[in-house]
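Inspection log for the structure reproduced underneath, given as structure tokens.
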Amino acid sequence: MTAPPTARLRRSSAGDGALRVLLLHGLGGTASVWNRMAPLMDERLELWDAELPWQGMAVSGSGPLADPGRVLAELADPSYDAVVAHSFAAGLLMEEYASGRLAQRPTVLLSPFHRAAPEEFDWASITYYLNDFHRVFEEALEVGDTGRYADRHRRWLARQLRDRVGPYGWMRFFECYLRSPFVDLSAVRAPVLVVSGELDTAARPGEGRTLASGLPLARFELLDRCGHFPMQEHPARVAGLLSDFLLTASGGGRAPHHTSDTTSLEMS
């Protein structure tokens, strides 16, 4: 039986009244995905992270992970003031908020997968995400510390990561993606910042904009020259954006970050 993940303190805050922020990585990733961004975030933010079980969900003696959403519901207890979720974790988080299994709080969704209607899924969608799934990992390896490796080596590593996730991991991802049109976004009353990269070929930026438009209290940010891993590709820019939003949405920060691509901003 795999032990449930435990959140760990990544960085303490300066001064009193810290805002406790939980960082959740995506499928096949690890907490190291935050390494470039985390040191640049506002010092008033106390940062926590976890190594989540979907860093590798290939079949094992304990079987596949049956309910990834429950992992978040158990991990993200009410003691955290805000949550930042990337990719696969972003979709799971919206499901948990909408279902009422998880207390809502100011939230940032980075590179989320979302479609507004079931008709938007077709056989071509399955083919693309199944046969080209390794390309997401190739992109991650290009912008991380492995960017110095030769292309051939990165392509090999990408396939190793894909195989580590395995068919069961891919199924958990695609099942969540397929459920996205049925999530009751109107039930998500937390302030949410949705961030997408204009060059993201995995979670297309239009999907982030669509998700934000369906949330009652959401703002959308499109990052130019950015792919699926904004926290690694533009760490300073994203750290400032997230810090401003989280401090403002929680009532403890600076003036709101202004953007020319805002979908909806109904927060007081």
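Letters A, B, ... go to the chains of the structure tokens in the order shown; residues in each chain start at 1; ligands are counted from 1 in the same order.
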
Discussion item. Give me, as a list in words, all polymer residues having an atom no more than 8 Å from range 39-48 of chain A, counting only C-alpha atoms and skipping those fewer than 4 positions away in the same chain.
Written reply: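 Counting only the stated atoms, we get Ala7, Arg8, Leu9, Arg10, Arg11, Ser12, Ser13, Ala14, Gly15, Gly17, Ala18, Leu19, Arg20, Val21, Leu22, Leu23, Asn35, Pro235, Ala236, Ala239, Gly240, Leu242 and Ser243 of chain A.
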
Item to complete: Determine which residues of range 57-235 of chain A receive a DSSP assignment of helix (DSSP H, G or I), computed from the backbone, and state them as an MDAnalysis selection string.
Response: chainID A and resid 68:75 88:99 118:120 123:131 134:143 145:148 151:182 185:187 205:214 230:233 235

As a CSV table (one decimal) with C-alpha atoms, in the first residue's frame, list the residues of range 139-266 of chain A assigned to strand (DSSP E) by DSSP on the backbone atoms of this structure.
chain,number,residue,atom,x,y,z
A,192,VAL,CA,-8.9,32.0,-9.5
A,193,LEU,CA,-6.0,33.0,-11.7
A,194,VAL,CA,-5.7,30.9,-14.9
A,195,VAL,CA,-2.3,31.1,-16.7
A,196,SER,CA,-1.6,29.7,-20.1
A,197,GLY,CA,1.3,29.9,-22.5
A,218,ALA,CA,-11.5,34.2,-12.5
A,219,ARG,CA,-8.9,36.1,-14.4
A,220,PHE,CA,-7.0,34.8,-17.4
A,221,GLU,CA,-3.4,35.6,-18.3
A,222,LEU,CA,-1.8,34.6,-21.6
A,223,LEU,CA,2.0,34.5,-21.5

Discussion item. Under the rule that only C-alpha atoms are counted, which of A:Thr6, A:Pro216, A:Leu27, A:Arg115 is the nearest residue to Asp77 in chain A?
Written reply: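 The closest residue to Asp77 in chain A is A:Thr6.
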
Item to complete: Rank A:Met94, A:Glu120, A:Tyr129, A:Met37 by their smallest atom-to-atom distance to Met171 in chain A, using only C-alpha atoms, and report the top residue only.
Response: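 For Met171 in chain A, the nearest of the given residues is A:Tyr129.
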
Worksheet item: What is the CA of Ala116 in chain A to CA of Leu211 in chain A distance in Å?
Response: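 Interatomic distance, CA of Ala116 in chain A to CA of Leu211 in chain A: 7.6 Å.
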
Fill in: Long-range neighbours of Ala190 in chain A as a list in words, 10 Å cut-off, only C-alpha atoms, 2 positions minimum in chain
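Residues near the query, excluding close chain neighbours: Ala82, Tyr97, Ala103, Gln104, Arg105, Pro106, Thr107, Ala187, Val188, Val192, Leu193, Leu215, Pro216, Leu217, Ala218, Ala249 and Met267 of chain A.
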
For the selection you just gave me, I'd like the residues written to a file as an mmCIF file, in the first residue's frame, keeping C-alpha atoms.
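After the write, again.cif holds the following:
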data_model
loop_
_atom_site.group_PDB
_atom_site.id
_atom_site.type_symbol
_atom_site.label_atom_id
_atom_site.label_comp_id
_atom_site.auth_asym_id
_atom_site.auth_seq_id
_atom_site.Cartn_x
_atom_site.Cartn_y
_atom_site.Cartn_z
ATOM 1 C CA ALA A 82 -3.891 29.317 -1.231
ATOM 2 C CA TYR A 97 -13.722 22.269 -5.450
ATOM 3 C CA ALA A 103 -12.393 23.692 0.900
ATOM 4 C CA GLN A 104 -11.999 26.479 -1.635
ATOM 5 C CA ARG A 105 -9.370 29.218 -1.367
ATOM 6 C CA PRO A 106 -7.485 31.614 -3.701
ATOM 7 C CA THR A 107 -6.060 29.443 -6.458
ATOM 8 C CA ALA A 187 -19.820 25.999 -7.822
ATOM 9 C CA VAL A 188 -16.218 27.243 -7.678
ATOM 10 C CA VAL A 192 -8.862 31.954 -9.463
ATOM 11 C CA LEU A 193 -6.032 33.033 -11.735
ATOM 12 C CA LEU A 215 -15.497 30.378 -13.373
ATOM 13 C CA PRO A 216 -17.418 33.074 -11.467
ATOM 14 C CA LEU A 217 -14.335 34.771 -9.998
ATOM 15 C CA ALA A 218 -11.534 34.162 -12.472
ATOM 16 C CA ALA A 249 -6.909 37.801 -3.371
ATOM 17 C CA MET A 267 -13.122 39.996 -6.903
#

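CA of Tyr168 in chain A is positioned 23.3 Å from CA of Arg154 in chain A.
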
Worksheet item: A:Ala158, A:Glu139, A:Gly28, A:Val84: which is nearest Phe245 in chain A, counting only C-alpha atoms?
Response: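 Closest to Phe245 in chain A of all the choices is A:Val84.
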